[in-house]
$ cat entry33.cif   # mmCIF, C-alpha atoms, pLDDT in the B column; chains and numbers go by the auth columns
data_input
loop_
_atom_site.group_PDB
_atom_site.id
_atom_site.type_symbol
_atom_site.label_atom_id
_atom_site.label_comp_id
_atom_site.label_asym_id
_atom_site.label_seq_id
_atom_site.Cartn_x
_atom_site.Cartn_y
_atom_site.Cartn_z
_atom_site.B_iso_or_equiv
_atom_site.auth_seq_id
_atom_site.auth_asym_id
ATOM 1 C CA MET A 1 5.717 -16.295 -20.401 60.00 18 A
ATOM 2 C CA MET A 2 6.307 -12.557 -19.916 65.00 19 A
ATOM 3 C CA GLN A 3 7.852 -12.131 -23.355 65.00 20 A
ATOM 4 C CA GLN A 4 4.955 -13.990 -24.947 64.00 21 A
ATOM 5 C CA LEU A 5 2.488 -11.820 -23.071 62.00 22 A
ATOM 6 C CA PHE A 6 4.055 -8.569 -24.260 65.00 23 A
ATOM 7 C CA ALA A 7 4.107 -9.891 -27.805 62.00 24 A
ATOM 8 C CA SER A 8 0.473 -11.040 -27.746 56.00 25 A
ATOM 9 C CA ASN A 9 -2.620 -9.060 -28.596 48.00 26 A
ATOM 10 C CA GLU A 10 -3.704 -9.418 -24.967 50.00 27 A
ATOM 11 C CA MET A 11 -1.171 -6.720 -24.086 50.00 28 A
ATOM 12 C CA ALA A 12 -2.889 -4.073 -26.195 46.00 29 A
ATOM 13 C CA GLY A 13 -3.882 -2.272 -22.974 53.00 30 A
ATOM 14 C CA ILE A 14 -0.269 -1.857 -21.857 55.00 31 A
ATOM 15 C CA SER A 15 1.645 1.075 -23.293 65.00 32 A
ATOM 16 C CA GLY A 16 4.985 -0.663 -22.937 75.00 33 A
ATOM 17 C CA GLN A 17 7.354 -2.977 -24.739 83.00 34 A
ATOM 18 C CA ILE A 18 10.414 -5.052 -23.965 86.00 35 A
ATOM 19 C CA SER A 19 13.454 -2.911 -24.758 86.00 36 A
ATOM 20 C CA TYR A 20 16.128 -5.325 -23.512 87.00 37 A
ATOM 21 C CA SER A 21 16.014 -9.040 -22.834 85.00 38 A
ATOM 22 C CA PRO A 22 19.124 -10.706 -21.348 88.00 39 A
ATOM 23 C CA ASP A 23 19.542 -14.451 -21.123 89.00 40 A
ATOM 24 C CA GLU A 24 16.408 -15.959 -19.578 87.00 41 A
ATOM 25 C CA SER A 25 18.420 -17.407 -16.702 89.00 42 A
ATOM 26 C CA GLU A 26 19.086 -13.873 -15.405 91.00 43 A
ATOM 27 C CA GLY A 27 15.409 -13.477 -14.573 89.00 44 A
ATOM 28 C CA TRP A 28 14.763 -9.891 -15.625 91.00 45 A
ATOM 29 C CA LEU A 29 13.558 -7.730 -18.507 92.00 46 A
ATOM 30 C CA GLU A 30 13.853 -4.050 -19.361 92.00 47 A
ATOM 31 C CA ILE A 31 10.479 -2.491 -20.222 91.00 48 A
ATOM 32 C CA LEU A 32 10.058 0.791 -22.100 90.00 49 A
ATOM 33 C CA ALA A 33 6.904 2.730 -21.166 87.00 50 A
ATOM 34 C CA SER A 34 6.096 6.405 -21.800 85.00 51 A
ATOM 35 C CA GLY A 35 9.683 6.957 -22.932 88.00 52 A
ATOM 36 C CA LEU A 36 11.083 5.625 -19.627 91.00 53 A
ATOM 37 C CA THR A 37 12.678 2.285 -18.848 92.00 54 A
ATOM 38 C CA PHE A 38 11.750 -0.004 -15.967 94.00 55 A
ATOM 39 C CA ASP A 39 13.280 -3.265 -14.807 93.00 56 A
ATOM 40 C CA LEU A 40 11.067 -6.275 -14.165 93.00 57 A
ATOM 41 C CA ARG A 41 13.022 -8.553 -11.820 93.00 58 A
ATOM 42 C CA GLY A 42 12.535 -11.891 -10.137 92.00 59 A
ATOM 43 C CA LEU A 43 11.267 -13.795 -13.162 90.00 60 A
ATOM 44 C CA ALA A 44 11.541 -17.565 -13.443 87.00 61 A
ATOM 45 C CA PRO A 45 13.777 -19.498 -13.738 88.00 62 A
ATOM 46 C CA ALA A 46 15.744 -17.087 -11.510 89.00 63 A
ATOM 47 C CA ASP A 47 14.923 -16.681 -7.829 88.00 64 A
ATOM 48 C CA PRO A 48 11.951 -14.458 -6.971 88.00 65 A
ATOM 49 C CA ALA A 49 12.523 -10.937 -5.694 87.00 66 A
ATOM 50 C CA GLU A 50 12.992 -10.299 -1.994 82.00 67 A
ATOM 51 C CA PRO A 51 9.594 -10.347 -0.267 76.00 68 A
ATOM 52 C CA CYS A 52 8.314 -7.288 1.575 77.00 69 A
ATOM 53 C CA VAL A 53 6.397 -7.487 4.850 74.00 70 A
ATOM 54 C CA PRO A 54 3.832 -4.689 4.527 77.00 71 A
ATOM 55 C CA GLY A 55 2.339 -2.896 7.478 83.00 72 A
ATOM 56 C CA GLN A 56 -1.013 -1.992 5.901 90.00 73 A
ATOM 57 C CA ASN A 57 -3.403 -3.962 3.661 92.00 74 A
ATOM 58 C CA TYR A 58 -5.991 -2.327 1.393 94.00 75 A
ATOM 59 C CA GLY A 59 -8.834 -3.752 -0.665 93.00 76 A
ATOM 60 C CA PHE A 60 -8.706 -7.336 0.597 89.00 77 A
ATOM 61 C CA ALA A 61 -11.441 -9.373 2.199 81.00 78 A
ATOM 62 C CA GLU A 62 -10.625 -10.111 5.833 68.00 79 A
ATOM 63 C CA ASP A 63 -7.465 -12.236 6.227 61.00 80 A
ATOM 64 C CA ALA A 64 -7.144 -12.689 2.457 59.00 81 A
ATOM 65 C CA ALA A 65 -3.862 -10.763 2.309 57.00 82 A
ATOM 66 C CA ASP A 66 -1.902 -12.921 4.756 63.00 83 A
ATOM 67 C CA LYS A 67 -0.626 -15.548 2.365 68.00 84 A
ATOM 68 C CA PRO A 68 3.029 -16.338 1.516 68.00 85 A
ATOM 69 C CA LEU A 69 3.741 -15.168 -2.023 76.00 86 A
ATOM 70 C CA GLU A 70 6.605 -15.175 -4.515 84.00 87 A
ATOM 71 C CA ALA A 71 7.471 -11.664 -5.628 90.00 88 A
ATOM 72 C CA ILE A 72 8.581 -9.929 -8.787 92.00 89 A
ATOM 73 C CA ASP A 73 9.782 -6.317 -8.727 93.00 90 A
ATOM 74 C CA LEU A 74 8.962 -3.509 -11.144 94.00 91 A
ATOM 75 C CA VAL A 75 11.391 -0.627 -10.521 92.00 92 A
ATOM 76 C CA PRO A 76 12.721 2.417 -12.398 91.00 93 A
ATOM 77 C CA GLY A 77 15.697 1.619 -14.586 87.00 94 A
ATOM 78 C CA GLY A 78 19.175 2.633 -13.485 79.00 95 A
ATOM 79 C CA HIS A 79 19.315 5.960 -15.321 79.00 96 A
ATOM 80 C CA ILE A 80 16.045 7.226 -13.766 81.00 97 A
ATOM 81 C CA ALA A 81 16.269 5.500 -10.373 75.00 98 A
ATOM 82 C CA ALA A 82 17.283 8.736 -8.636 77.00 99 A
ATOM 83 C CA GLY A 83 14.059 10.355 -9.858 78.00 100 A
ATOM 84 C CA GLY A 84 11.792 7.538 -8.734 80.00 101 A
ATOM 85 C CA GLY A 85 9.486 9.937 -6.884 82.00 102 A
ATOM 86 C CA LEU A 86 8.985 12.349 -9.791 87.00 103 A
ATOM 87 C CA GLN A 87 5.431 12.449 -11.122 89.00 104 A
ATOM 88 C CA PRO A 88 6.184 11.305 -14.697 91.00 105 A
ATOM 89 C CA VAL A 89 8.161 8.321 -13.403 92.00 106 A
ATOM 90 C CA VAL A 90 5.594 7.312 -10.771 93.00 107 A
ATOM 91 C CA ARG A 91 2.679 7.673 -13.166 93.00 108 A
ATOM 92 C CA ALA A 92 4.382 5.610 -15.860 92.00 109 A
ATOM 93 C CA LEU A 93 5.418 2.914 -13.377 94.00 110 A
ATOM 94 C CA ALA A 94 2.015 2.755 -11.690 94.00 111 A
ATOM 95 C CA GLY A 95 0.186 2.640 -15.025 92.00 112 A
ATOM 96 C CA LEU A 96 2.420 -0.141 -16.318 92.00 113 A
ATOM 97 C CA ALA A 97 1.972 -2.080 -13.072 93.00 114 A
ATOM 98 C CA ALA A 98 -1.812 -1.637 -13.164 93.00 115 A
ATOM 99 C CA ASN A 99 -2.057 -3.006 -16.674 89.00 116 A
ATOM 100 C CA LEU A 100 0.259 -5.911 -15.863 90.00 117 A
ATOM 101 C CA VAL A 101 -1.982 -6.719 -12.907 91.00 118 A
ATOM 102 C CA LEU A 102 -4.987 -6.909 -15.232 88.00 119 A
ATOM 103 C CA ASN A 103 -3.187 -9.317 -17.573 86.00 120 A
ATOM 104 C CA LEU A 104 -1.400 -11.629 -15.129 87.00 121 A
ATOM 105 C CA PRO A 105 -2.497 -13.926 -12.265 89.00 122 A
ATOM 106 C CA VAL A 106 -1.318 -11.486 -9.600 91.00 123 A
ATOM 107 C CA ALA A 107 -2.322 -12.169 -5.972 91.00 124 A
ATOM 108 C CA ALA A 108 -1.248 -8.847 -4.426 92.00 125 A
ATOM 109 C CA VAL A 109 0.543 -5.594 -5.209 94.00 126 A
ATOM 110 C CA VAL A 110 3.074 -4.192 -2.736 94.00 127 A
ATOM 111 C CA TRP A 111 4.097 -0.526 -2.764 95.00 128 A
ATOM 112 C CA HIS A 112 7.438 -0.532 -0.954 92.00 129 A
ATOM 113 C CA THR A 113 7.805 3.151 -0.094 93.00 130 A
ATOM 114 C CA ALA A 114 4.491 3.084 1.801 95.00 131 A
ATOM 115 C CA GLY A 115 4.787 -0.440 3.204 93.00 132 A
ATOM 116 C CA THR A 116 1.378 -1.342 1.786 95.00 133 A
ATOM 117 C CA ARG A 117 -0.138 -4.396 0.131 93.00 134 A
ATOM 118 C CA MET A 118 -3.181 -4.038 -2.132 95.00 135 A
ATOM 119 C CA GLU A 119 -5.726 -6.354 -3.664 95.00 136 A
ATOM 120 C CA PRO A 120 -4.870 -6.377 -7.403 95.00 137 A
ATOM 121 C CA ARG A 121 -8.188 -5.066 -8.745 95.00 138 A
ATOM 122 C CA TYR A 122 -8.283 -2.415 -6.032 96.00 139 A
ATOM 123 C CA PHE A 123 -4.790 -1.285 -7.043 97.00 140 A
ATOM 124 C CA ALA A 124 -5.502 -1.260 -10.778 95.00 141 A
ATOM 125 C CA ARG A 125 -8.830 0.534 -10.409 96.00 142 A
ATOM 126 C CA SER A 126 -7.478 3.275 -8.117 96.00 143 A
ATOM 127 C CA VAL A 127 -4.344 3.860 -10.214 96.00 144 A
ATOM 128 C CA LEU A 128 -6.132 3.976 -13.562 94.00 145 A
ATOM 129 C CA ASP A 129 -8.728 6.347 -12.098 96.00 146 A
ATOM 130 C CA TRP A 130 -5.903 8.626 -10.883 96.00 147 A
ATOM 131 C CA LEU A 131 -4.192 8.558 -14.264 94.00 148 A
ATOM 132 C CA SER A 132 -7.518 9.561 -15.850 94.00 149 A
ATOM 133 C CA GLY A 133 -7.719 12.679 -13.689 95.00 150 A
ATOM 134 C CA GLY A 134 -9.201 11.268 -10.488 96.00 151 A
ATOM 135 C CA ALA A 135 -7.967 11.481 -6.924 96.00 152 A
ATOM 136 C CA PHE A 136 -4.505 10.269 -5.957 97.00 153 A
ATOM 137 C CA PRO A 137 -4.719 6.695 -4.554 97.00 154 A
ATOM 138 C CA ALA A 138 -3.582 7.684 -1.076 96.00 155 A
ATOM 139 C CA LEU A 139 -4.733 4.449 0.587 96.00 156 A
ATOM 140 C CA GLY A 140 -2.216 2.324 -1.223 96.00 157 A
ATOM 141 C CA LEU A 141 0.544 4.501 -2.636 97.00 158 A
ATOM 142 C CA THR A 142 0.725 5.974 0.844 97.00 159 A
ATOM 143 C CA ALA A 143 -0.594 4.707 4.177 96.00 160 A
ATOM 144 C CA LEU A 144 -2.414 6.497 6.976 96.00 161 A
ATOM 145 C CA LEU A 145 -1.532 5.413 10.497 94.00 162 A
ATOM 146 C CA PRO A 146 -3.557 6.297 13.624 91.00 163 A
ATOM 147 C CA SER A 147 -1.921 7.985 16.616 89.00 164 A
ATOM 148 C CA SER A 148 -3.000 7.751 20.241 86.00 165 A
ATOM 149 C CA ASP A 149 -3.979 11.451 20.303 87.00 166 A
ATOM 150 C CA GLY A 150 -6.604 10.951 17.568 87.00 167 A
ATOM 151 C CA SER A 151 -4.446 12.277 14.730 92.00 168 A
ATOM 152 C CA VAL A 152 -3.406 10.319 11.655 96.00 169 A
ATOM 153 C CA ALA A 153 0.047 10.331 10.085 96.00 170 A
ATOM 154 C CA SER A 154 0.977 9.518 6.517 97.00 171 A
ATOM 155 C CA HIS A 155 3.663 7.033 5.585 96.00 172 A
ATOM 156 C CA GLY A 156 5.126 7.103 2.080 96.00 173 A
ATOM 157 C CA LEU A 157 3.932 10.571 1.055 96.00 174 A
ATOM 158 C CA ALA A 158 7.521 11.812 1.304 95.00 175 A
ATOM 159 C CA HIS A 159 8.336 9.698 -1.754 93.00 176 A
ATOM 160 C CA PHE A 160 6.167 12.121 -3.769 93.00 177 A
ATOM 161 C CA THR A 161 6.504 15.456 -1.962 94.00 178 A
ATOM 162 C CA GLY A 162 9.490 15.094 0.361 93.00 179 A
ATOM 163 C CA GLN A 163 7.172 15.489 3.377 96.00 180 A
ATOM 164 C CA GLU A 164 4.759 13.439 5.473 97.00 181 A
ATOM 165 C CA ILE A 165 1.612 14.874 7.072 96.00 182 A
ATOM 166 C CA GLN A 166 0.243 14.715 10.614 95.00 183 A
ATOM 167 C CA MET A 167 -3.510 15.427 10.553 94.00 184 A
ATOM 168 C CA ALA A 168 -5.097 16.458 13.853 92.00 185 A
ATOM 169 C CA GLY A 169 -8.507 15.048 14.643 88.00 186 A
ATOM 170 C CA ALA A 170 -11.316 17.320 15.821 87.00 187 A
ATOM 171 C CA PRO A 171 -13.144 16.764 19.130 85.00 188 A
ATOM 172 C CA GLY A 172 -15.919 14.217 18.633 84.00 189 A
ATOM 173 C CA GLU A 173 -14.763 13.348 15.116 87.00 190 A
ATOM 174 C CA THR A 174 -14.543 9.672 14.141 90.00 191 A
ATOM 175 C CA HIS A 175 -11.285 8.172 12.934 90.00 192 A
ATOM 176 C CA ALA A 176 -12.926 7.476 9.553 92.00 193 A
ATOM 177 C CA ASP A 177 -13.809 11.167 9.123 91.00 194 A
ATOM 178 C CA THR A 178 -10.266 12.231 10.017 92.00 195 A
ATOM 179 C CA VAL A 179 -8.928 9.788 7.420 94.00 196 A
ATOM 180 C CA LYS A 180 -11.297 11.120 4.742 93.00 197 A
ATOM 181 C CA LEU A 181 -10.047 14.646 5.347 93.00 198 A
ATOM 182 C CA ALA A 182 -6.427 13.471 5.308 95.00 199 A
ATOM 183 C CA LEU A 183 -7.013 11.809 1.930 95.00 200 A
ATOM 184 C CA ARG A 184 -8.136 15.134 0.477 94.00 201 A
ATOM 185 C CA VAL A 185 -5.047 16.854 1.895 95.00 202 A
ATOM 186 C CA ILE A 186 -2.735 14.190 0.439 97.00 203 A
ATOM 187 C CA ASP A 187 -4.347 14.546 -2.985 96.00 204 A
ATOM 188 C CA TYR A 188 -3.852 18.326 -2.776 95.00 205 A
ATOM 189 C CA LEU A 189 -0.193 18.038 -1.739 95.00 206 A
ATOM 190 C CA VAL A 190 0.656 15.496 -4.432 95.00 207 A
ATOM 191 C CA ARG A 191 -0.741 17.911 -7.001 93.00 208 A
ATOM 192 C CA LYS A 192 0.939 20.982 -5.480 92.00 209 A
ATOM 193 C CA GLY A 193 4.260 19.592 -4.248 91.00 210 A
ATOM 194 C CA ARG A 194 6.399 20.401 -1.232 92.00 211 A
ATOM 195 C CA LEU A 195 5.185 23.108 1.156 93.00 212 A
ATOM 196 C CA THR A 196 7.795 25.696 2.121 92.00 213 A
ATOM 197 C CA GLN A 197 5.580 27.960 4.225 94.00 214 A
ATOM 198 C CA ALA A 198 2.321 27.845 6.158 93.00 215 A
ATOM 199 C CA GLN A 199 -0.841 28.175 4.123 93.00 216 A
ATOM 200 C CA GLU A 200 -4.577 27.606 4.205 93.00 217 A
ATOM 201 C CA ILE A 201 -6.222 24.715 2.375 91.00 218 A
ATOM 202 C CA SER A 202 -9.906 25.319 1.685 86.00 219 A
ATOM 203 C CA GLY A 203 -12.518 22.686 0.981 78.00 220 A
ATOM 204 C CA PRO A 204 -16.306 22.323 1.085 79.00 221 A
ATOM 205 C CA GLY A 205 -17.385 23.756 4.444 81.00 222 A
ATOM 206 C CA ILE A 206 -13.926 23.675 6.019 86.00 223 A
ATOM 207 C CA THR A 207 -10.612 25.548 6.049 91.00 224 A
ATOM 208 C CA LEU A 208 -7.406 23.848 7.173 93.00 225 A
ATOM 209 C CA LEU A 209 -4.064 25.273 8.188 94.00 226 A
ATOM 210 C CA ALA A 210 -0.978 23.477 6.879 95.00 227 A
ATOM 211 C CA GLU A 211 2.368 24.315 8.424 95.00 228 A
ATOM 212 C CA PRO A 212 5.665 22.625 7.490 95.00 229 A
ATOM 213 C CA SER A 213 7.844 21.709 10.446 90.00 230 A
ATOM 214 C CA GLN A 214 11.165 23.513 10.846 83.00 231 A
ATOM 215 C CA TYR A 215 12.777 20.408 12.297 83.00 232 A
ATOM 216 C CA SER A 216 11.526 17.474 10.213 86.00 233 A
ATOM 217 C CA ASN A 217 10.045 16.651 6.836 91.00 234 A
ATOM 218 C CA ARG A 218 6.502 16.834 8.177 94.00 235 A
ATOM 219 C CA VAL A 219 3.502 19.071 7.545 96.00 236 A
ATOM 220 C CA TRP A 220 1.162 19.650 10.481 95.00 237 A
ATOM 221 C CA ILE A 221 -2.518 19.971 9.535 95.00 238 A
ATOM 222 C CA TRP A 222 -5.328 21.275 11.741 90.00 239 A
ATOM 223 C CA ARG A 223 -8.627 23.067 11.356 88.00 240 A
ATOM 224 C CA LYS A 224 -8.737 26.835 11.277 79.00 241 A
ATOM 225 C CA GLU A 225 -10.822 28.164 14.149 69.00 242 A
#
$ encode --input "entry33.cif" --output "structure tokens"
Amino acid sequence: MMQQLFASNEMAGISGQISYSPDESEGWLEILASGLTFDLRGLAPADPAEPCVPGQNYGFAEDAADKPLEAIDLVPGGHIAAGGGLQPVVRALAGLAANLVLNLPVAAVVWHTAGTRMEPRYFARSVLDWLSGGAFPALGLTALLPSSDGSVASHGLAHFTGQEIQMAGAPGETHADTVKLALRVIDYLVRKGRLTQAQEISGPGITLLAEPSQYSNRVWIWRKE
């Protein structure tokens, strides 16, 4: 089915092609996209890929994500696996995955490094918007987890920048507003890269201080007084 799909006109929206096809019984294909190769694993008649139990769901109607599913994996090929967090690799992989989602009966998309599961259209829309110059899809390619002190912590951002963030909440601020501000910070850091020293991050009506920890791969974020 996958080979027929890549060969059909329906795949015109996917900038990729099969570059290696072993015996069908092995259950995988090598896909070339943007000059990079990715492995698509877990295809029938072979066993499906190992399932992931995500911690965060995004884009689903209530309870719609909690269904048992058979998984396939799309991962960087062996020669680029070590650079899986580099922007060109992530963008090519995410774009290929988004277009596959739009052409296949996919029930959910799991992003392993963030432990997230996304509704397929939500995933495709947010990724394709990012690739067109929009904001980084932080609620999906990363996760934001609440802490008891009112702060929020990222999970999965280190895959892109080598660091996670801990965003302090302001007195009287809602959790939703803290998350919105954290999303802007994540977008900024994905564009800029790893922080090596403290700096200010300015936005509409607010200035934040960002300070990398000396003891862990974490950036502490709070408002400048």
$ resolve_selection --input "entry33.cif" --expression "the PyMOL selection byres ((chain A and resi 198) around 12)" --output "NGL selection string"
:A and (155 or 161 or 168-170 or 182-187 or 190-197 or 199-205 or 218-225 or 238-240)
$ closest_residue --input "entry33.cif" --among "A:Ala152, A:Val92, A:Ala141, A:Leu46" --to "A:Leu119" --atoms "only C-alpha atoms"
A:Ala141
$ resolve_selection --input "entry33.cif" --expression "the PyMOL selection byres ((chain A and resi 133) around 9)" --output "PyMOL selection string"
chain A and resi 70-75+126-132+134-135+156-160
$ write_last_selection --input "entry33.cif" --atoms "C-alpha atoms" --output "PDB file, keeping the file's coordinate frame"
ATOM      1  CA  VAL A  70       6.397  -7.487   4.850  1.00 74.00           C
ATOM      2  CA  PRO A  71       3.832  -4.689   4.527  1.00 77.00           C
ATOM      3  CA  GLY A  72       2.339  -2.896   7.478  1.00 83.00           C
ATOM      4  CA  GLN A  73      -1.013  -1.992   5.901  1.00 90.00           C
ATOM      5  CA  ASN A  74      -3.403  -3.962   3.661  1.00 92.00           C
ATOM      6  CA  TYR A  75      -5.991  -2.327   1.393  1.00 94.00           C
ATOM      7  CA  VAL A 126       0.543  -5.594  -5.209  1.00 94.00           C
ATOM      8  CA  VAL A 127       3.074  -4.192  -2.736  1.00 94.00           C
ATOM      9  CA  TRP A 128       4.097  -0.526  -2.764  1.00 95.00           C
ATOM     10  CA  HIS A 129       7.438  -0.532  -0.954  1.00 92.00           C
ATOM     11  CA  THR A 130       7.805   3.151  -0.094  1.00 93.00           C
ATOM     12  CA  ALA A 131       4.491   3.084   1.801  1.00 95.00           C
ATOM     13  CA  GLY A 132       4.787  -0.440   3.204  1.00 93.00           C
ATOM     14  CA  ARG A 134      -0.138  -4.396   0.131  1.00 93.00           C
ATOM     15  CA  MET A 135      -3.181  -4.038  -2.132  1.00 95.00           C
ATOM     16  CA  LEU A 156      -4.733   4.449   0.587  1.00 96.00           C
ATOM     17  CA  GLY A 157      -2.216   2.324  -1.223  1.00 96.00           C
ATOM     18  CA  LEU A 158       0.544   4.501  -2.636  1.00 97.00           C
ATOM     19  CA  THR A 159       0.725   5.974   0.844  1.00 97.00           C
ATOM     20  CA  ALA A 160      -0.594   4.707   4.177  1.00 96.00           C
TER      21      ALA A 160
END
$ resolve_selection --input "entry33.cif" --expression "the PyMOL selection byres ((chain A and resi 42) around 8)" --output "JSON, numbers by chain"
{"A": [40, 41, 43, 44, 61, 62, 63]}
$ closest_residue --input "entry33.cif" --among "A:Ala109, A:Leu145, A:Ile89, A:Leu226" --to "A:Leu121" --atoms "only C-alpha atoms"
A:Ile89
$ axis_aligned_box --input "entry33.cif" --around "stretch 178-195 of chain A" --padding-each-side "3 Å" --output "lines of an AutoDock Vina configuration file"
center_x = -3.2
center_y = 12.4
center_z = 8.6
size_x = 31.4
size_y = 15.8
size_z = 27.1
$ closest_residue --input "entry33.cif" --among "A:Asp90, A:Lys241, A:Ser51, A:Gly179" --to "A:Val107" --atoms "all atoms listed in the file"
A:Ser51
$ atom_distance --input "entry33.cif" --atom1 "atom CA of A:His96" --atom2 "atom CA of A:Trp147"
25.7 Å
$ atom_distance --input "entry33.cif" --atom1 "atom CA of A:Ala175" --atom2 "atom CA of A:Ala98"
15.9 Å
$ atom_distance --input "entry33.cif" --atom1 "atom CA of A:Cys69" --atom2 "atom CA of A:Gly100"
21.8 Å
